[in-house]
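The structure file data14.txt is reproduced below (compact mmCIF, C-alpha atoms and all ligand atoms).
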```txt
# COMPACT_ATOMS: atom_id res chain seq x y z
CA MET A 1 23.05 2.87 -13.28
CA SER A 2 21.46 6.33 -13.19
CA ASP A 3 23.42 9.04 -11.35
CA ALA A 4 20.19 10.84 -10.54
CA LEU A 5 18.75 7.74 -8.90
CA ALA A 6 21.97 7.10 -6.95
CA SER A 7 22.02 10.66 -5.72
CA SER A 8 18.37 10.65 -4.77
CA PHE A 9 18.83 7.40 -2.87
CA ARG A 10 21.92 8.84 -1.13
CA GLU A 11 19.80 11.72 0.14
CA HIS A 12 17.03 9.32 1.25
CA LEU A 13 19.46 7.11 3.15
CA GLY A 14 21.05 10.14 4.81
CA ILE A 15 17.66 11.34 6.06
CA ARG A 16 16.71 7.88 7.31
CA LEU A 17 20.05 7.34 9.09
CA GLU A 18 19.71 10.67 10.85
CA GLY A 19 16.20 9.65 11.91
CA ILE A 20 17.22 6.26 13.23
CA ALA A 21 20.11 7.79 15.20
CA GLN A 22 17.59 10.06 16.97
CA ASP A 23 15.16 7.20 17.52
CA LEU A 24 17.84 4.92 18.99
CA GLN A 25 18.91 7.64 21.37
CA LYS A 26 15.33 8.40 22.39
CA THR A 27 14.49 4.76 23.06
CA GLY A 28 17.76 3.85 24.77
CA TYR A 29 19.14 1.43 22.19
CA SER A 30 22.68 1.53 20.86
CA ALA A 31 22.05 -0.12 17.48
CA LEU A 32 19.41 -1.78 15.35
CA VAL A 33 19.59 -4.96 13.28
CA LEU A 34 16.99 -5.18 10.54
CA VAL A 35 16.22 -8.66 9.29
CA SER A 36 15.05 -8.84 5.67
CA GLY A 37 12.75 -11.76 6.40
CA GLY A 38 12.42 -15.48 6.09
CA GLN A 39 10.54 -17.68 3.73
CA TYR A 40 7.24 -19.26 4.65
CA PHE A 41 6.95 -22.93 3.71
CA TYR A 42 3.57 -24.60 3.32
CA PHE A 43 2.76 -27.28 5.87
CA ARG A 44 4.86 -30.42 5.37
CA ASP A 45 6.06 -29.12 2.05
CA ASP A 46 9.37 -27.91 0.65
CA GLN A 47 7.63 -25.27 -1.50
CA PRO A 48 7.69 -21.70 -0.20
CA ALA A 49 5.05 -18.98 -0.46
CA PRO A 50 6.22 -15.98 -2.50
CA TYR A 51 8.76 -14.05 -0.46
CA ARG A 52 7.98 -10.51 0.69
CA ALA A 53 10.66 -8.39 2.38
CA ASN A 54 10.30 -6.84 5.82
CA ALA A 55 9.22 -3.33 4.82
CA HIS A 56 11.42 -1.70 7.47
CA PHE A 57 14.45 -3.41 5.92
CA LEU A 58 13.45 -2.36 2.41
CA HIS A 59 12.96 1.17 3.58
CA PHE A 60 16.68 1.42 4.32
CA CYS A 61 18.03 -1.00 1.73
CA PRO A 62 16.30 -1.91 -1.57
CA LEU A 63 17.70 -5.44 -1.66
CA GLU A 64 14.92 -8.00 -1.93
CA GLY A 65 15.64 -11.50 -0.73
CA PRO A 66 15.40 -13.57 2.42
CA GLY A 67 17.96 -13.80 5.19
CA HIS A 68 19.89 -10.50 4.83
CA LEU A 69 20.86 -8.53 7.94
CA LEU A 70 21.42 -4.81 8.16
CA LEU A 71 23.21 -3.23 11.13
CA LEU A 72 22.44 0.44 11.79
CA ARG A 73 24.57 2.38 14.29
CA PRO A 74 24.71 6.13 14.86
CA GLU A 75 27.41 7.80 12.78
CA LYS A 76 28.60 4.61 11.12
CA LYS A 77 28.07 3.37 7.60
CA PRO A 78 25.34 0.70 7.68
CA LEU A 79 26.67 -2.84 7.50
CA LEU A 80 24.82 -5.15 5.14
CA ALA A 81 25.55 -8.83 5.80
CA THR A 82 23.91 -10.54 2.84
CA PHE A 83 22.86 -14.17 2.91
CA SER A 84 23.84 -16.15 -0.15
CA PRO A 85 24.39 -19.78 0.80
CA ASP A 86 26.45 -22.13 -1.37
CA ASP A 87 23.62 -24.16 -2.78
CA PHE A 88 23.56 -26.21 -5.95
CA TRP A 89 19.77 -25.90 -6.29
CA TYR A 90 19.49 -22.16 -6.68
CA GLU A 91 21.34 -19.36 -8.37
CA PRO A 92 23.32 -17.41 -5.79
CA GLN A 93 22.19 -13.80 -5.38
CA ARG A 94 24.92 -11.34 -6.36
CA ILE A 95 24.51 -7.63 -5.79
CA GLY A 96 26.78 -6.16 -8.46
CA ASP A 97 26.96 -2.37 -8.67
CA ALA A 98 23.34 -1.47 -7.97
CA PHE A 99 22.56 2.24 -7.56
CA TRP A 100 22.29 1.99 -3.77
CA THR A 101 25.44 0.03 -2.85
CA GLU A 102 27.77 2.97 -2.15
CA GLY A 103 25.82 3.75 1.01
CA PHE A 104 26.67 0.43 2.68
CA LYS A 105 29.58 -1.64 3.83
CA ILE A 106 28.65 -4.97 2.30
CA VAL A 107 29.84 -8.36 3.48
CA GLU A 108 28.55 -11.23 1.39
CA CYS A 109 28.06 -14.23 3.67
CA SER A 110 27.36 -17.83 2.73
CA SER A 111 26.21 -18.87 6.20
CA ARG A 112 24.12 -17.55 9.06
CA LYS A 113 27.09 -18.16 11.38
CA ARG A 114 29.27 -15.80 9.38
CA GLN A 115 26.52 -13.15 9.30
CA ILE A 116 26.11 -13.32 13.07
CA SER A 117 29.83 -13.04 13.64
CA GLU A 118 30.13 -10.04 11.26
CA ILE A 119 27.36 -8.25 13.15
CA ALA A 120 28.56 -9.33 16.62
CA LYS A 121 32.02 -7.88 16.17
CA ARG A 122 30.58 -4.49 15.24
CA LEU A 123 27.77 -4.22 17.80
CA PRO A 124 28.41 -1.22 20.02
CA LYS A 125 28.18 -1.42 23.79
CA GLY A 126 24.71 -1.18 25.27
CA ARG A 127 21.43 -2.84 24.48
CA ALA A 128 20.68 -3.28 20.80
CA ALA A 129 17.42 -4.22 19.09
CA ALA A 130 16.30 -6.31 16.15
CA ILE A 131 13.27 -5.69 13.95
CA GLY A 132 11.69 -8.25 11.68
CA GLU A 133 11.20 -11.98 11.96
CA SER A 134 14.32 -11.99 13.99
CA GLY A 135 13.92 -14.83 16.51
CA ALA A 136 17.14 -16.78 15.94
CA VAL A 137 19.20 -13.70 15.09
CA ALA A 138 17.98 -11.78 18.14
CA GLU A 139 18.70 -14.77 20.34
CA ALA A 140 22.18 -15.35 18.95
CA LEU A 141 23.10 -11.69 19.37
CA GLY A 142 21.18 -11.01 22.60
CA LEU A 143 18.98 -8.34 21.00
CA ALA A 144 15.62 -6.98 22.12
CA GLN A 145 13.13 -8.25 19.58
CA ASN A 146 10.75 -5.81 17.89
CA PRO A 147 10.58 -3.33 20.79
CA PRO A 148 7.32 -1.39 20.33
CA ALA A 149 8.85 1.98 21.22
CA LEU A 150 11.33 1.74 18.35
CA LEU A 151 8.86 0.18 15.94
CA THR A 152 6.31 2.95 16.35
CA ARG A 153 8.99 5.58 15.74
CA LEU A 154 9.98 3.85 12.52
CA ASP A 155 6.31 3.61 11.53
CA TRP A 156 5.81 7.29 12.27
CA ARG A 157 8.75 8.33 10.10
CA ARG A 158 7.73 6.11 7.23
CA ALA A 159 4.60 8.21 6.74
CA ILE A 160 6.74 11.13 5.54
CA LYS A 161 8.17 10.18 2.18
CA THR A 162 11.54 11.41 0.95
CA ALA A 163 11.97 12.67 -2.62
CA TYR A 164 13.41 9.25 -3.54
CA GLU A 165 10.35 7.49 -2.22
CA VAL A 166 8.02 9.86 -4.07
CA GLU A 167 9.92 9.06 -7.28
CA CYS A 168 9.46 5.34 -6.63
CA ILE A 169 5.72 5.74 -6.01
CA SER A 170 5.40 8.00 -9.05
CA GLU A 171 7.13 5.38 -11.23
CA ALA A 172 4.90 2.70 -9.76
CA ASN A 173 2.00 4.87 -10.88
CA ARG A 174 3.45 5.20 -14.39
CA LEU A 175 3.75 1.44 -14.60
CA GLY A 176 0.33 0.83 -13.05
CA ALA A 177 -1.19 3.34 -15.49
CA ALA A 178 0.22 1.36 -18.44
CA GLY A 179 -1.45 -1.72 -16.97
CA HIS A 180 -4.79 0.08 -16.56
CA ILE A 181 -4.76 1.45 -20.11
CA ALA A 182 -4.11 -2.04 -21.51
CA ALA A 183 -6.70 -3.59 -19.18
CA GLU A 184 -9.39 -1.14 -20.30
CA GLY A 185 -8.65 -2.13 -23.90
CA ALA A 186 -9.09 -5.81 -23.04
CA PHE A 187 -12.40 -5.02 -21.31
CA GLN A 188 -13.75 -2.99 -24.25
CA ASP A 189 -12.72 -5.87 -26.55
CA GLY A 190 -15.07 -8.10 -24.54
CA GLY A 191 -12.40 -9.88 -22.47
CA SER A 192 -13.08 -11.98 -19.38
CA GLU A 193 -11.78 -11.14 -15.90
CA LEU A 194 -8.91 -13.56 -16.52
CA ASP A 195 -8.08 -11.91 -19.88
CA ILE A 196 -8.14 -8.46 -18.30
CA HIS A 197 -5.94 -9.58 -15.41
CA ARG A 198 -3.41 -11.14 -17.78
CA THR A 199 -3.40 -8.06 -19.97
CA PHE A 200 -2.71 -5.87 -16.94
CA LEU A 201 0.12 -8.14 -15.84
CA ALA A 202 1.69 -8.25 -19.30
CA ALA A 203 1.63 -4.45 -19.57
CA VAL A 204 3.19 -4.06 -16.13
CA GLY A 205 5.76 -6.62 -17.19
CA GLY A 206 6.28 -8.69 -14.08
CA LEU A 207 5.20 -11.75 -12.17
CA GLU A 208 2.07 -11.84 -10.06
CA ALA A 209 4.26 -12.06 -6.98
CA ASP A 210 5.78 -8.70 -7.94
CA LEU A 211 2.45 -6.89 -7.63
CA PRO A 212 1.81 -4.95 -4.43
CA TYR A 213 -1.54 -6.77 -3.95
CA PRO A 214 -3.63 -9.24 -5.92
CA THR A 215 -5.48 -7.51 -8.76
CA ILE A 216 -9.20 -6.88 -8.24
CA VAL A 217 -10.90 -7.33 -11.61
CA GLY A 218 -14.68 -7.45 -11.29
CA LEU A 219 -17.07 -7.57 -14.20
CA ASN A 220 -20.71 -6.62 -13.60
CA GLU A 221 -22.01 -7.52 -10.12
CA LYS A 222 -18.55 -8.63 -8.92
CA GLY A 223 -17.53 -4.99 -8.87
CA ALA A 224 -19.43 -4.88 -5.58
CA VAL A 225 -16.91 -7.04 -3.72
CA LEU A 226 -14.32 -4.65 -2.35
CA HIS A 227 -11.47 -7.16 -2.46
CA TYR A 228 -12.79 -9.53 -5.14
CA GLU A 229 -10.01 -11.90 -6.15
CA GLY A 230 -11.84 -14.26 -8.54
CA LYS A 231 -10.80 -14.37 -12.18
CA ARG A 232 -13.77 -15.71 -14.13
CA ALA A 233 -12.84 -16.91 -17.58
CA ASP A 234 -16.39 -17.61 -18.71
CA VAL A 235 -17.98 -14.16 -18.33
CA ARG A 236 -17.26 -11.81 -21.22
CA ASN A 237 -18.58 -8.58 -22.73
CA GLY A 238 -19.19 -7.02 -19.32
CA LYS A 239 -21.59 -4.14 -18.79
CA SER A 240 -19.07 -2.74 -16.31
CA LEU A 241 -15.54 -3.27 -15.06
CA LEU A 242 -14.13 -2.28 -11.68
CA ILE A 243 -10.37 -2.77 -11.71
CA ASP A 244 -8.21 -2.07 -8.66
CA ALA A 245 -4.60 -2.91 -9.49
CA GLY A 246 -1.16 -1.48 -8.91
CA ALA A 247 2.51 -1.99 -9.64
CA ARG A 248 5.72 -1.97 -7.59
CA VAL A 249 8.94 -0.10 -8.28
CA ARG A 250 11.97 -0.67 -6.04
CA GLY A 251 9.58 -2.01 -3.43
CA TYR A 252 7.11 0.91 -3.53
CA ALA A 253 3.50 0.47 -4.56
CA SER A 254 0.84 2.19 -6.57
CA ASP A 255 -2.81 1.46 -5.80
CA ILE A 256 -5.17 2.54 -8.57
CA THR A 257 -8.85 1.89 -9.23
CA ARG A 258 -10.96 2.72 -12.26
CA THR A 259 -14.54 1.87 -13.18
CA PHE A 260 -15.59 1.56 -16.80
CA ALA A 261 -18.93 1.18 -18.52
CA GLY A 262 -19.17 -1.36 -21.33
CA GLY A 263 -21.18 -0.95 -24.51
CA ALA A 264 -24.26 -2.53 -22.92
CA ALA A 265 -24.31 -0.22 -19.90
CA ASP A 266 -27.21 2.17 -19.53
CA GLY A 267 -26.83 5.92 -19.50
CA ARG A 268 -27.57 6.09 -15.78
CA PHE A 269 -24.50 4.07 -14.91
CA CYS A 270 -22.29 6.18 -17.22
CA SER A 271 -23.66 9.30 -15.58
CA LEU A 272 -22.95 7.87 -12.12
CA ILE A 273 -19.30 7.18 -13.07
CA THR A 274 -18.91 10.75 -14.36
CA ALA A 275 -20.45 12.24 -11.21
CA MET A 276 -18.35 10.03 -8.94
CA GLU A 277 -15.23 11.02 -10.79
CA GLY A 278 -16.05 14.70 -10.27
CA ALA A 279 -16.53 14.11 -6.54
CA GLN A 280 -13.32 12.07 -6.32
CA GLN A 281 -11.29 14.77 -8.06
CA ALA A 282 -12.67 17.43 -5.72
CA LEU A 283 -11.64 15.28 -2.74
CA CYS A 284 -8.13 14.90 -4.20
CA GLU A 285 -7.94 18.71 -4.21
CA GLY A 286 -8.64 18.58 -0.47
CA VAL A 287 -5.49 16.59 0.31
CA THR A 288 -3.70 19.55 1.84
CA ALA A 289 -1.35 20.02 4.77
CA GLY A 290 -3.08 20.65 8.10
CA ARG A 291 -6.26 18.84 7.13
CA PRO A 292 -7.40 16.02 9.44
CA TRP A 293 -7.94 12.94 7.28
CA ALA A 294 -11.12 12.08 9.20
CA GLU A 295 -12.54 15.45 8.18
CA LEU A 296 -11.93 14.69 4.49
CA HIS A 297 -13.49 11.27 4.99
CA HIS A 298 -16.62 12.99 6.37
CA GLU A 299 -16.64 15.33 3.39
CA ALA A 300 -16.40 12.28 1.13
CA HIS A 301 -19.57 10.86 2.71
CA LEU A 302 -21.39 14.12 2.11
CA SER A 303 -20.27 14.48 -1.49
CA LEU A 304 -20.87 10.82 -2.33
CA SER A 305 -24.37 11.11 -0.87
CA GLY A 306 -24.91 14.19 -3.03
CA VAL A 307 -23.91 12.18 -6.09
CA LEU A 308 -26.25 9.33 -5.19
CA LYS A 309 -29.11 11.78 -4.62
CA ASP A 310 -28.48 13.61 -7.89
CA GLU A 311 -28.37 10.28 -9.72
CA ASN A 312 -31.63 9.16 -8.07
CA VAL A 313 -30.04 6.22 -6.27
CA ILE A 314 -31.19 7.57 -2.90
CA ASN A 315 -33.72 10.21 -2.02
CA LEU A 316 -32.35 11.68 1.21
CA SER A 317 -30.36 14.88 1.44
CA SER A 318 -26.59 14.44 1.87
CA GLU A 319 -26.80 15.47 5.52
CA ASP A 320 -29.61 13.00 6.25
CA ALA A 321 -27.90 10.20 4.33
CA VAL A 322 -24.79 10.67 6.46
CA ALA A 323 -26.64 11.15 9.75
CA SER A 324 -28.84 8.11 9.21
CA GLY A 325 -25.92 5.85 8.30
CA LEU A 326 -27.23 5.32 4.77
CA SER A 327 -24.06 6.66 3.19
CA ARG A 328 -22.11 3.91 4.97
CA VAL A 329 -24.25 1.28 3.27
CA PHE A 330 -22.93 2.45 -0.07
CA PHE A 331 -19.48 3.52 1.13
CA PRO A 332 -18.45 1.13 3.93
CA HIS A 333 -14.70 1.50 3.52
CA GLY A 334 -12.46 4.41 4.43
CA LEU A 335 -11.61 7.26 2.07
CA GLY A 336 -8.07 5.97 1.71
CA HIS A 337 -4.82 5.06 3.42
CA PHE A 338 -1.13 5.77 3.55
CA LEU A 339 0.74 4.27 0.61
CA GLY A 340 4.39 3.30 0.45
CA ILE A 341 6.25 0.02 0.60
CA GLN A 342 3.13 -1.53 2.01
CA VAL A 343 -0.02 -0.86 0.07
CA HIS A 344 -1.77 -0.11 3.35
CA ASP A 345 1.25 1.63 4.77
CA VAL A 346 1.95 1.92 8.46
CA GLY A 347 1.35 4.65 10.99
CA GLY A 348 -2.19 5.71 10.11
CA HIS A 349 -3.49 5.26 13.65
CA LEU A 350 -0.58 6.81 15.53
CA ALA A 351 -1.26 10.00 17.46
CA ASP A 352 2.44 10.73 17.96
CA PRO A 353 5.86 9.12 17.46
CA ASP A 354 5.82 7.82 21.05
CA GLY A 355 3.17 5.32 20.00
CA ARG A 356 -0.01 6.78 21.45
CA ARG A 357 -2.89 5.55 19.34
CA ALA A 358 -5.60 7.51 17.57
CA PRO A 359 -8.10 4.81 16.66
CA PRO A 360 -10.78 5.42 14.05
CA PRO A 361 -14.17 6.69 15.24
CA LYS A 362 -16.71 3.97 16.12
CA ALA A 363 -18.94 4.91 13.19
CA HIS A 364 -16.05 4.55 10.74
CA PRO A 365 -14.00 1.57 11.94
CA MET A 366 -12.52 1.09 8.48
CA LEU A 367 -10.87 4.50 8.39
CA ARG A 368 -7.20 3.59 8.00
CA SER A 369 -5.78 6.95 9.02
CA THR A 370 -6.70 9.42 11.73
CA ARG A 371 -3.67 11.63 11.15
CA THR A 372 -3.55 15.25 10.15
CA LEU A 373 -2.00 15.64 6.71
CA GLU A 374 1.62 16.78 6.47
CA PRO A 375 3.85 17.49 3.49
CA GLY A 376 5.39 14.18 2.43
CA HIS A 377 2.34 12.06 3.20
CA VAL A 378 1.13 9.95 0.28
CA LEU A 379 -2.43 8.68 0.50
CA THR A 380 -4.95 7.00 -1.69
CA VAL A 381 -8.23 8.81 -2.33
CA GLU A 382 -10.76 6.14 -3.18
CA PRO A 383 -14.38 7.00 -2.58
CA GLY A 384 -16.77 4.47 -3.96
CA SER A 385 -20.25 3.20 -3.98
CA THR A 386 -20.86 -0.50 -3.75
CA SER A 387 -24.09 -2.46 -3.92
CA SER A 388 -22.64 -5.26 -1.79
CA ARG A 389 -24.44 -4.25 1.40
CA CYS A 390 -27.72 -3.33 -0.26
CA SER A 391 -29.33 -6.60 0.68
CA SER A 392 -32.99 -7.20 1.36
CA PRO A 393 -34.78 -4.53 3.39
CA GLY A 394 -33.58 -4.52 6.98
CA GLY A 395 -30.74 -6.85 6.11
CA GLY A 396 -27.94 -5.00 7.83
CA THR A 397 -28.01 -1.91 5.69
CA GLY A 398 -27.53 0.35 8.69
CA ARG A 399 -30.54 2.38 7.63
CA SER A 400 -32.61 4.09 10.22
CA ARG A 401 -35.23 6.78 10.58
CA GLY A 402 -37.28 5.29 7.76
CA ALA A 403 -34.91 6.10 4.94
CA THR A 404 -37.07 5.73 1.89
CA PRO A 405 -34.77 4.68 -0.94
CA SER A 406 -35.03 1.10 -1.98
CA THR A 407 -31.70 -0.60 -1.52
CA GLY A 408 -32.96 -4.09 -2.26
CA ARG A 409 -30.62 -6.00 -4.52
CA GLN A 410 -33.24 -6.23 -7.25
CA SER A 411 -34.18 -2.58 -7.34
CA THR A 412 -30.84 -0.88 -6.71
CA PRO A 413 -29.79 0.49 -10.08
CA LEU A 414 -26.18 -0.19 -9.11
CA ALA A 415 -26.64 -3.92 -8.52
CA PRO A 416 -26.03 -5.27 -12.04
CA TYR A 417 -22.88 -3.13 -12.23
CA GLY A 418 -21.54 -3.92 -8.77
CA GLY A 419 -20.44 -0.42 -7.98
CA VAL A 420 -18.21 2.48 -8.81
CA ARG A 421 -14.84 3.22 -7.19
CA ILE A 422 -12.12 5.55 -8.38
CA GLU A 423 -8.74 5.65 -6.67
CA ASP A 424 -5.74 7.93 -7.12
CA ASN A 425 -2.50 8.31 -5.16
CA VAL A 426 -1.92 11.82 -3.87
CA LEU A 427 1.13 13.46 -2.31
CA VAL A 428 0.73 16.30 0.19
CA THR A 429 3.16 19.13 -0.59
CA ASP A 430 3.78 22.59 0.86
CA THR A 431 1.99 24.06 -2.12
CA GLY A 432 -0.99 21.72 -2.34
CA PRO A 433 -1.82 18.21 -3.50
CA ARG A 434 0.13 16.44 -6.22
CA ASN A 435 -1.88 13.68 -7.86
CA LEU A 436 0.74 11.07 -8.77
CA THR A 437 -1.77 8.93 -10.64
CA ARG A 438 -3.30 11.60 -12.89
CA GLU A 439 0.19 12.47 -14.13
CA HIS A 440 0.02 9.15 -15.99
CA LEU A 441 -3.61 8.13 -16.30
CA PRO A 442 -6.79 10.05 -17.14
N1 LIG B 1 -6.22 -2.19 -3.35
C1 LIG B 1 -6.66 -2.21 -2.03
C2 LIG B 1 -7.08 -0.89 -1.58
O1 LIG B 1 -7.46 -0.06 -2.38
O2 LIG B 1 -7.01 -0.56 -0.44
MN MN B 2 -6.95 -0.14 -4.41
MN MN B 3 -6.33 1.63 -1.69
```
Let's see the structure in the file written out as structure tokens.
Amino acid sequence: MSDALASSFREHLGIRLEGIAQDLQKTGYSALVLVSGGQYFYFRDDQPAPYRANAHFLHFCPLEGPGHLLLLRPEKKPLLATFSPDDFWYEPQRIGDAFWTEGFKIVECSSRKRQISEIAKRLPKGRAAAIGESGAVAEALGLAQNPPALLTRLDWRRAIKTAYEVECISEANRLGAAGHIAAEGAFQDGGSELDIHRTFLAAVGGLEADLPYPTIVGLNEKGAVLHYEGKRADVRNGKSLLIDAGARVRGYASDITRTFAGGAADGRFCSLITAMEGAQQALCEGVTAGRPWAELHHEAHLSLSGVLKDENVINLSSEDAVASGLSRVFFPHGLGHFLGIQVHDVGGHLADPDGRRAPPPKAHPMLRSTRTLEPGHVLTVEPGSTSSRCSSPGGGTGRSRGATPSTGRQSTPLAPYGGVRIEDNVLVTDTGPRNLTREHLP
């Protein structure tokens, strides 16, 4: 066990406990029970889907597994009532001396009944709440279930990462970078999407279920599908690869995208990747405190349009491409999103901790954050250009005012390559942006 990790987690937990004490007081609750989550079983089957912890639970306690309960009360050590049933089918989960355990009073329980009674005898007076898939637990303990006022406060706080969380995301970037380097090698060796995916997974060193999201590995035209999940084994020696894949460390995600040209790619595509990379890096430099995210998103549309104009993909000025909606044909998604335990982390559309909403503008419904950047925010910066919406003329391209560039699938120079997207994970600090991805990956 690393002392540095234990001490950094101690500081994280202290900050989070102080926050929850304030939030409980503000919302009129005396205590909070976090439920780690249940398992989802397929219909009429005894086989479960891969388990994923309730992120609010994981945020306080990095113990992954179903059925655990965590009781948080102001000024008291958190009580962790683990769930480890006596069961001859499975290996019981034992905690041992993990780096985080000193922060908790831990009671290992072999039944739900025991867990409930351990929590019940420590519940303070007043109304308490439960967060998570808490139905039976909330009912047994008489708790308010997922009260929105408390949930939005937790979401709001999660957007500001502690030093411990930044370390986790940075390590997830280190691991993800190792996967990307290996995956690029497999691509340049002529590998299929399946080969590249397996190479990424082997380099990251885990199971598929450990990844923060399914890998996106698109050769050639499949690079156009933003969330392409196919894994073709029969297409090799790609002209291009778009790979969007990340890793998880102690529950925290990285979310990284790179686009590569293969040996058979033409010079135009290589030049487009280089230009897009320059624009993406300039946008990363703009991830500074006080900046409204929507403003940076607008800047991304302008700079991406400039790239497409310079590369002769479109022939409108940046301003006209944005005003006419043409830039949205190529760049339909948002510039990026909060990143944390969830790959699309929570709180992006909150206007304040009380839960008022700040929805995305009508023209940019996919913008996942409308917040103004603050130190501690971690966001992805992922401008891209896809050919997926460049269908036949008039086919929903959003073009207007007689935009002249041909975006027909046949004539768009991007089409055989799918598209270009480059994605880094950037931390806002008091002294400027810190690119957590580029510390590990060119
Ligand atoms: N990997 C999904 C995304 O970039 O949002
Ligand atoms: Mn991604
Ligand atoms: Mn992303």
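When all atoms listed in the file are used to compute distances to Asp3 in chain A, the closest of the residues A:Ala55, A:Ala98, A:Ala186, A:Ala140 turns out to be A:Ala98.
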Given only C-alpha atoms and all ligand atoms, how would the per-residue table for chain A near ligand LIG 1 (chain B) read, listing every residue at most 8 Å away with its closest atom pair and distance in Å to one decimal, sorted by chain and number, as JSON lines?
```
{"residue": "A:Tyr213", "atom": "CA", "partner": "B:LIG1", "partner_atom": "N1", "distance": 6.6}
{"residue": "A:Pro214", "atom": "CA", "partner": "B:LIG1", "partner_atom": "N1", "distance": 7.9}
{"residue": "A:Thr215", "atom": "CA", "partner": "B:LIG1", "partner_atom": "N1", "distance": 7.6}
{"residue": "A:Ile216", "atom": "CA", "partner": "B:LIG1", "partner_atom": "N1", "distance": 7.4}
{"residue": "A:His227", "atom": "CA", "partner": "B:LIG1", "partner_atom": "C1", "distance": 6.9}
{"residue": "A:Asp244", "atom": "CA", "partner": "B:LIG1", "partner_atom": "N1", "distance": 5.7}
{"residue": "A:Ala245", "atom": "CA", "partner": "B:LIG1", "partner_atom": "N1", "distance": 6.4}
{"residue": "A:Gly246", "atom": "CA", "partner": "B:LIG1", "partner_atom": "N1", "distance": 7.6}
{"residue": "A:Asp255", "atom": "CA", "partner": "B:LIG1", "partner_atom": "N1", "distance": 5.6}
{"residue": "A:Ile256", "atom": "CA", "partner": "B:LIG1", "partner_atom": "O1", "distance": 7.1}
{"residue": "A:Thr257", "atom": "CA", "partner": "B:LIG1", "partner_atom": "O1", "distance": 7.3}
{"residue": "A:Gly336", "atom": "CA", "partner": "B:LIG1", "partner_atom": "O2", "distance": 7.0}
{"residue": "A:His337", "atom": "CA", "partner": "B:LIG1", "partner_atom": "O2", "distance": 7.2}
{"residue": "A:Val343", "atom": "CA", "partner": "B:LIG1", "partner_atom": "O2", "distance": 7.0}
{"residue": "A:His344", "atom": "CA", "partner": "B:LIG1", "partner_atom": "O2", "distance": 6.5}
{"residue": "A:Thr380", "atom": "CA", "partner": "B:LIG1", "partner_atom": "O1", "distance": 7.5}
{"residue": "A:Glu382", "atom": "CA", "partner": "B:LIG1", "partner_atom": "O1", "distance": 7.1}
{"residue": "A:Glu423", "atom": "CA", "partner": "B:LIG1", "partner_atom": "O1", "distance": 7.3}
```
- Query: If we count all atoms listed in the file, what is near range 115-129 of chain A at a cut-off of 6 Å, once residues fewer than 6 positions away on the same chain are taken out, given as a PyMOL selection string?
  - Reply: chain A and resi 29-32+81+109+143-145
- Item | Among listed residues A:Cys168, A:Arg174, A:Val381, A:Leu219, nearest Gly190 in chain A (using all atoms listed in the file) | A:Leu219
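Between ligand MN 2 (chain B) and the candidates A:Arg434, A:Arg356, A:His333, A:Arg389, the tightest atom-to-atom separation, counting all atoms listed in the file, involves A:His333.
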- Shortest interatomic distance to ligand MN 2 (chain B) - which of A:Pro383, A:Gly325, A:Pro360, A:Gly376, counting only C-alpha atoms and all ligand atoms: A:Pro383
Would you place a box with edges along x, y and z of the file around all atoms of range 35-52 of chain A listed there, add 4 Å to each of its six sides, and report the centre and edge lengths in Å to one decimal, as AutoDock Vina command-line options?
```
--center_x 9.5 --center_y -19.5 --center_z 3.4 --size_x 21.5 --size_y 29.8 --size_z 19.8
```
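Around the point (1.7, 11.7, -4.5), within 10 Å and counting only C-alpha atoms, we find these residues: Lys161, Glu165, Val166, Glu167, Ile169, Ser170, Asn173, Ser254, Val287, Leu339, Gly376, His377, Val378, Leu379, Thr380, Asp424, Asn425, Val426, Leu427, Val428, Thr429, Pro433, Arg434, Asn435, Leu436, Thr437, Arg438 and Glu439 of chain A.
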- Figure out the distance between CA of Leu367 in chain A and atom MN of ligand MN 3 (chain B), please, to one decimal in Å.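 These two atoms are separated by 11.4 Å.
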- Between A:Gly206, A:Gly384, A:Gly306, A:Pro416, which one has atoms that come closest to ligand MN 2 (chain B), using only C-alpha atoms and all ligand atoms?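 When distances to ligand MN 2 (chain B) are compared using only C-alpha atoms and all ligand atoms, the smallest one comes from A:Gly384.
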- Nearest to Ala163 in chain A, chosen from A:Tyr252, A:Phe330, A:Phe9, A:Tyr417, with all atoms listed in the file counted in the distances: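 The closest residue to Ala163 in chain A is A:Phe9.
Across the model, the gap from CA of Ala321 in chain A to CA of Leu308 in chain A is 9.7 Å.
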- So how many Å separate CA of Asn312 in chain A and CA of Thr386 in chain A, to one decimal?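 Interatomic distance here is 15.1 Å.
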